[in-house]
Each structure stands twice: as C-alpha cells, then as structure tokens.
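**Q** Can you keep this structure in mind? I'll have questions shortly.
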Amino acid sequence: MSSPDADGPLADQLLSLTRRLHRIHKHQLEERGVGITPAQSRLLRTLAHHIEHHGSSPRMADLAENLEVVPRAVTTLVDALEASGKVRRAPDPDNRRVIRIELTDVGRKALSELRGARRAAAEEILAPLTDEQRTVLGGLLDTLTEGAGAPPDRRC
C-alpha cells in the first residue's frame, strides 16, 4: 500500500515540467515577436479548432465554454486580440443579435507563429529522449489525457 503522499513527488515533477514548457513557449513567442499572452494564444488555438471542426466561427459563449472560463474573461481576450487585428467580431448571418468571432489574416499568421513556437518548445523539452522514450511518453500522456476527457482547448 502506498503512503498518502506517494504521488506527491510525481505531481511536483509534472507541475515543474508544465512550468518549464510554459517558460520555453513564452520565450519562443517573444523571439518570434508574436506579441500575445499565453491566454490569448489558447483562445486563438480554440478559435481555429472550432472553425476547422464546425465550419463556422464560434460565439463568445462557445469560446468561454470550450476554454472553461467565464464569458467576461473571453471578452477581455477578444478585446485585446481585436485591437491587434488578429480577430474580429461579426454579426451572425442568421441572428444579428449573436456575435461571432472570426480569425483574420493577421490572426492566421500569428497562429502559424504560435504553432512554430509550440513545436520548438516541445523539441527543446523532448531533446534528451530517445525515439522509444518519446513513444512511451506519448502513450502515457494519452492515457492521462483520455482519463480526464479532451483538453479544454481541443473541445468544441
């Protein structure tokens, strides 16, 4: 039988790895001059994912639900992304009271830079691992993420 805190060191390692990944990702974004926060990055990824899987731009409420945040938080993020030209608000063609969030060309370019920054951060984190270790890690992460449901920025 394991002690009550047997998984404590493992949890600490996972949290430390997460913080390291965020630091590296932030550094990659700064190097590329993307000029967005991690929360804005997550909203852009969620927006693109919704458009890709639904064929239409989401409502603010859809984004809030997918990101698991209060609608006001999405409003703040959209305001900042709209001010920088990465997204725009547009009336829904079927219901003009509904506002949809669209990705602009500037937003698509930023999204491309984000993907590059994420790949570079992952490469840096995974560099010490062999191909076999990466495969094992991928399987373990799949098991952990499937147990918790889809990650929030992948849900639509």
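Naming scheme: A, B, ... for chains in displayed order of the structure tokens; residues 1 onward per chain; ligands 1 onward as shown.
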Using only C-alpha atoms, which residues sit within 9 Å of Ala61 of chain A once same-chain residues fewer than 6 positions away are excluded, as a ChimeraX atom specification?
**A** /A:70-71,74
**Q** When you look at Ala90 of chain A with a cut-off of 8 Å (counting only C-alpha atoms), what residues show up, excluding the ones that are within fewer than 3 positions of it in the same chain? I need them as a PyMOL selection string.
**A** chain A and resi 99-102
**Q** Selected residues, N, CA and C atoms, written as an mmCIF file, in the first residue's frame, please.
**A**
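Output below, filename out_32.cif:
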```cif
data_model
loop_
_atom_site.group_PDB
_atom_site.id
_atom_site.type_symbol
_atom_site.label_atom_id
_atom_site.label_comp_id
_atom_site.auth_asym_id
_atom_site.auth_seq_id
_atom_site.Cartn_x
_atom_site.Cartn_y
_atom_site.Cartn_z
ATOM 1 N N ILE A 99 -23.153 37.549 -31.882
ATOM 2 C CA ILE A 99 -21.856 37.972 -32.409
ATOM 3 C C ILE A 99 -20.949 36.755 -32.517
ATOM 4 N N ARG A 100 -20.343 36.598 -33.648
ATOM 5 C CA ARG A 100 -19.372 35.527 -33.890
ATOM 6 C C ARG A 100 -17.974 36.132 -33.892
ATOM 7 N N ILE A 101 -16.989 35.308 -33.546
ATOM 8 C CA ILE A 101 -15.596 35.744 -33.527
ATOM 9 C C ILE A 101 -14.889 35.095 -34.704
ATOM 10 N N GLU A 102 -14.337 35.931 -35.571
ATOM 11 C CA GLU A 102 -13.661 35.445 -36.774
ATOM 12 C C GLU A 102 -12.157 35.653 -36.661
#
```
**Q** Please list as number ranges by chain every residue within 10 Å of segment 14-30 of chain A, counting only C-alpha atoms and excluding residues in the same chain fewer than 4 positions away.
**A** A: 8-10, 34-38, 41, 110, 113-122, 124-125
**Q** Deliver the residues from the most recent selection as a file, using N, CA, C and O atoms, as a PDB file, in the first residue's frame.
**A**
```
ATOM      1  N   GLY A   8       3.020  12.563  -4.569  1.00  0.00           N
ATOM      2  CA  GLY A   8       3.407  13.969  -4.420  1.00  0.00           C
ATOM      3  C   GLY A   8       4.628  14.345  -5.249  1.00  0.00           C
ATOM      4  O   GLY A   8       4.585  15.333  -5.994  1.00  0.00           O
ATOM      5  N   PRO A   9       5.720  13.587  -5.167  1.00  0.00           N
ATOM      6  CA  PRO A   9       6.893  13.925  -5.981  1.00  0.00           C
ATOM      7  C   PRO A   9       6.605  13.870  -7.487  1.00  0.00           C
ATOM      8  O   PRO A   9       7.095  14.697  -8.250  1.00  0.00           O
ATOM      9  N   LEU A  10       5.791  12.911  -7.903  1.00  0.00           N
ATOM     10  CA  LEU A  10       5.428  12.817  -9.319  1.00  0.00           C
ATOM     11  C   LEU A  10       4.614  14.037  -9.747  1.00  0.00           C
ATOM     12  O   LEU A  10       4.854  14.616 -10.807  1.00  0.00           O
ATOM     13  N   VAL A  34       5.605  37.597 -31.675  1.00  0.00           N
ATOM     14  CA  VAL A  34       4.171  37.389 -31.876  1.00  0.00           C
ATOM     15  C   VAL A  34       3.360  38.390 -31.052  1.00  0.00           C
ATOM     16  O   VAL A  34       2.331  38.872 -31.493  1.00  0.00           O
ATOM     17  N   GLY A  35       3.823  38.710 -29.853  1.00  0.00           N
ATOM     18  CA  GLY A  35       3.179  39.730 -29.044  1.00  0.00           C
ATOM     19  C   GLY A  35       1.817  39.363 -28.494  1.00  0.00           C
ATOM     20  O   GLY A  35       0.922  40.204 -28.474  1.00  0.00           O
ATOM     21  N   ILE A  36       1.657  38.118 -28.050  1.00  0.00           N
ATOM     22  CA  ILE A  36       0.406  37.744 -27.398  1.00  0.00           C
ATOM     23  C   ILE A  36       0.712  36.963 -26.129  1.00  0.00           C
ATOM     24  O   ILE A  36       1.784  36.387 -25.982  1.00  0.00           O
ATOM     25  N   THR A  37      -0.261  36.949 -25.247  1.00  0.00           N
ATOM     26  CA  THR A  37      -0.104  36.243 -23.984  1.00  0.00           C
ATOM     27  C   THR A  37      -0.448  34.762 -24.170  1.00  0.00           C
ATOM     28  O   THR A  37      -1.100  34.399 -25.159  1.00  0.00           O
ATOM     29  N   PRO A  38      -0.055  33.916 -23.221  1.00  0.00           N
ATOM     30  CA  PRO A  38      -0.449  32.508 -23.311  1.00  0.00           C
ATOM     31  C   PRO A  38      -1.975  32.327 -23.367  1.00  0.00           C
ATOM     32  O   PRO A  38      -2.469  31.469 -24.096  1.00  0.00           O
ATOM     33  N   SER A  41      -3.081  33.131 -26.783  1.00  0.00           N
ATOM     34  CA  SER A  41      -2.643  32.024 -27.627  1.00  0.00           C
ATOM     35  C   SER A  41      -3.647  30.881 -27.563  1.00  0.00           C
ATOM     36  O   SER A  41      -4.052  30.309 -28.586  1.00  0.00           O
ATOM     37  N   ALA A 110      -0.377  34.828 -36.973  1.00  0.00           N
ATOM     38  CA  ALA A 110       0.024  34.661 -35.573  1.00  0.00           C
ATOM     39  C   ALA A 110      -0.133  33.207 -35.138  1.00  0.00           C
ATOM     40  O   ALA A 110       0.724  32.665 -34.435  1.00  0.00           O
ATOM     41  N   GLU A 113       2.742  31.239 -36.320  1.00  0.00           N
ATOM     42  CA  GLU A 113       3.904  31.505 -35.461  1.00  0.00           C
ATOM     43  C   GLU A 113       3.758  30.770 -34.122  1.00  0.00           C
ATOM     44  O   GLU A 113       4.728  30.242 -33.585  1.00  0.00           O
ATOM     45  N   LEU A 114       2.530  30.734 -33.600  1.00  0.00           N
ATOM     46  CA  LEU A 114       2.277  30.025 -32.346  1.00  0.00           C
ATOM     47  C   LEU A 114       2.604  28.550 -32.480  1.00  0.00           C
ATOM     48  O   LEU A 114       3.221  27.951 -31.599  1.00  0.00           O
ATOM     49  N   ARG A 115       2.159  27.976 -33.579  1.00  0.00           N
ATOM     50  CA  ARG A 115       2.436  26.548 -33.809  1.00  0.00           C
ATOM     51  C   ARG A 115       3.935  26.292 -33.881  1.00  0.00           C
ATOM     52  O   ARG A 115       4.433  25.313 -33.336  1.00  0.00           O
ATOM     53  N   GLY A 116       4.655  27.180 -34.545  1.00  0.00           N
ATOM     54  CA  GLY A 116       6.106  27.053 -34.612  1.00  0.00           C
ATOM     55  C   GLY A 116       6.749  27.162 -33.244  1.00  0.00           C
ATOM     56  O   GLY A 116       7.670  26.400 -32.906  1.00  0.00           O
ATOM     57  N   ALA A 117       6.260  28.084 -32.437  1.00  0.00           N
ATOM     58  CA  ALA A 117       6.796  28.266 -31.084  1.00  0.00           C
ATOM     59  C   ALA A 117       6.506  27.041 -30.222  1.00  0.00           C
ATOM     60  O   ALA A 117       7.356  26.598 -29.446  1.00  0.00           O
ATOM     61  N   ARG A 118       5.318  26.471 -30.366  1.00  0.00           N
ATOM     62  CA  ARG A 118       4.964  25.274 -29.595  1.00  0.00           C
ATOM     63  C   ARG A 118       5.834  24.084 -30.009  1.00  0.00           C
ATOM     64  O   ARG A 118       6.302  23.320 -29.170  1.00  0.00           O
ATOM     65  N   ARG A 119       6.048  23.943 -31.319  1.00  0.00           N
ATOM     66  CA  ARG A 119       6.911  22.848 -31.801  1.00  0.00           C
ATOM     67  C   ARG A 119       8.333  23.012 -31.277  1.00  0.00           C
ATOM     68  O   ARG A 119       8.949  22.051 -30.820  1.00  0.00           O
ATOM     69  N   ALA A 120       8.842  24.239 -31.330  1.00  0.00           N
ATOM     70  CA  ALA A 120      10.209  24.481 -30.860  1.00  0.00           C
ATOM     71  C   ALA A 120      10.325  24.211 -29.359  1.00  0.00           C
ATOM     72  O   ALA A 120      11.311  23.623 -28.898  1.00  0.00           O
ATOM     73  N   ALA A 121       9.306  24.614 -28.596  1.00  0.00           N
ATOM     74  CA  ALA A 121       9.320  24.356 -27.150  1.00  0.00           C
ATOM     75  C   ALA A 121       9.278  22.860 -26.877  1.00  0.00           C
ATOM     76  O   ALA A 121      10.024  22.354 -26.030  1.00  0.00           O
ATOM     77  N   ALA A 122       8.443  22.145 -27.609  1.00  0.00           N
ATOM     78  CA  ALA A 122       8.357  20.694 -27.425  1.00  0.00           C
ATOM     79  C   ALA A 122       9.674  20.020 -27.796  1.00  0.00           C
ATOM     80  O   ALA A 122      10.137  19.118 -27.096  1.00  0.00           O
ATOM     81  N   GLU A 124      12.639  21.273 -27.619  1.00  0.00           N
ATOM     82  CA  GLU A 124      13.621  21.550 -26.570  1.00  0.00           C
ATOM     83  C   GLU A 124      13.379  20.661 -25.350  1.00  0.00           C
ATOM     84  O   GLU A 124      14.313  20.089 -24.791  1.00  0.00           O
ATOM     85  N   ILE A 125      12.126  20.516 -24.957  1.00  0.00           N
ATOM     86  CA  ILE A 125      11.786  19.684 -23.796  1.00  0.00           C
ATOM     87  C   ILE A 125      12.115  18.214 -24.074  1.00  0.00           C
ATOM     88  O   ILE A 125      12.641  17.508 -23.217  1.00  0.00           O
TER      89      ILE A 125
END
```
**Q** With only C-alpha atoms as the atoms that count, which of A:Arg72, A:Arg89, A:Arg32, A:Arg42 lies nearest to Thr104 of chain A?
**A**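 Of all the options, A:Arg89 lies closest to Thr104 of chain A.
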**Q** Can you pull out every residue from segment 57-150 of chain A that DSSP, working from the backbone, puts in strand (DSSP E or B), and format the result as a ChimeraX atom specification?
**A** /A:59,87-91,99-103
**Q** Pick out the closest residue to Arg45 of chain A from this set: A:Ala83, A:Thr75, A:Gln13, A:Gly107. Count only C-alpha atoms.
**A**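 Result for the nearest residue to Arg45 of chain A: A:Gly107.
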**Q** Tell me, in Å to one decimal, how far atom CA of Lys86 of chain A is from atom CA of Leu111 of chain A.
**A**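 Between atom CA of Lys86 of chain A and atom CA of Leu111 of chain A the gap works out to 9.1 Å.
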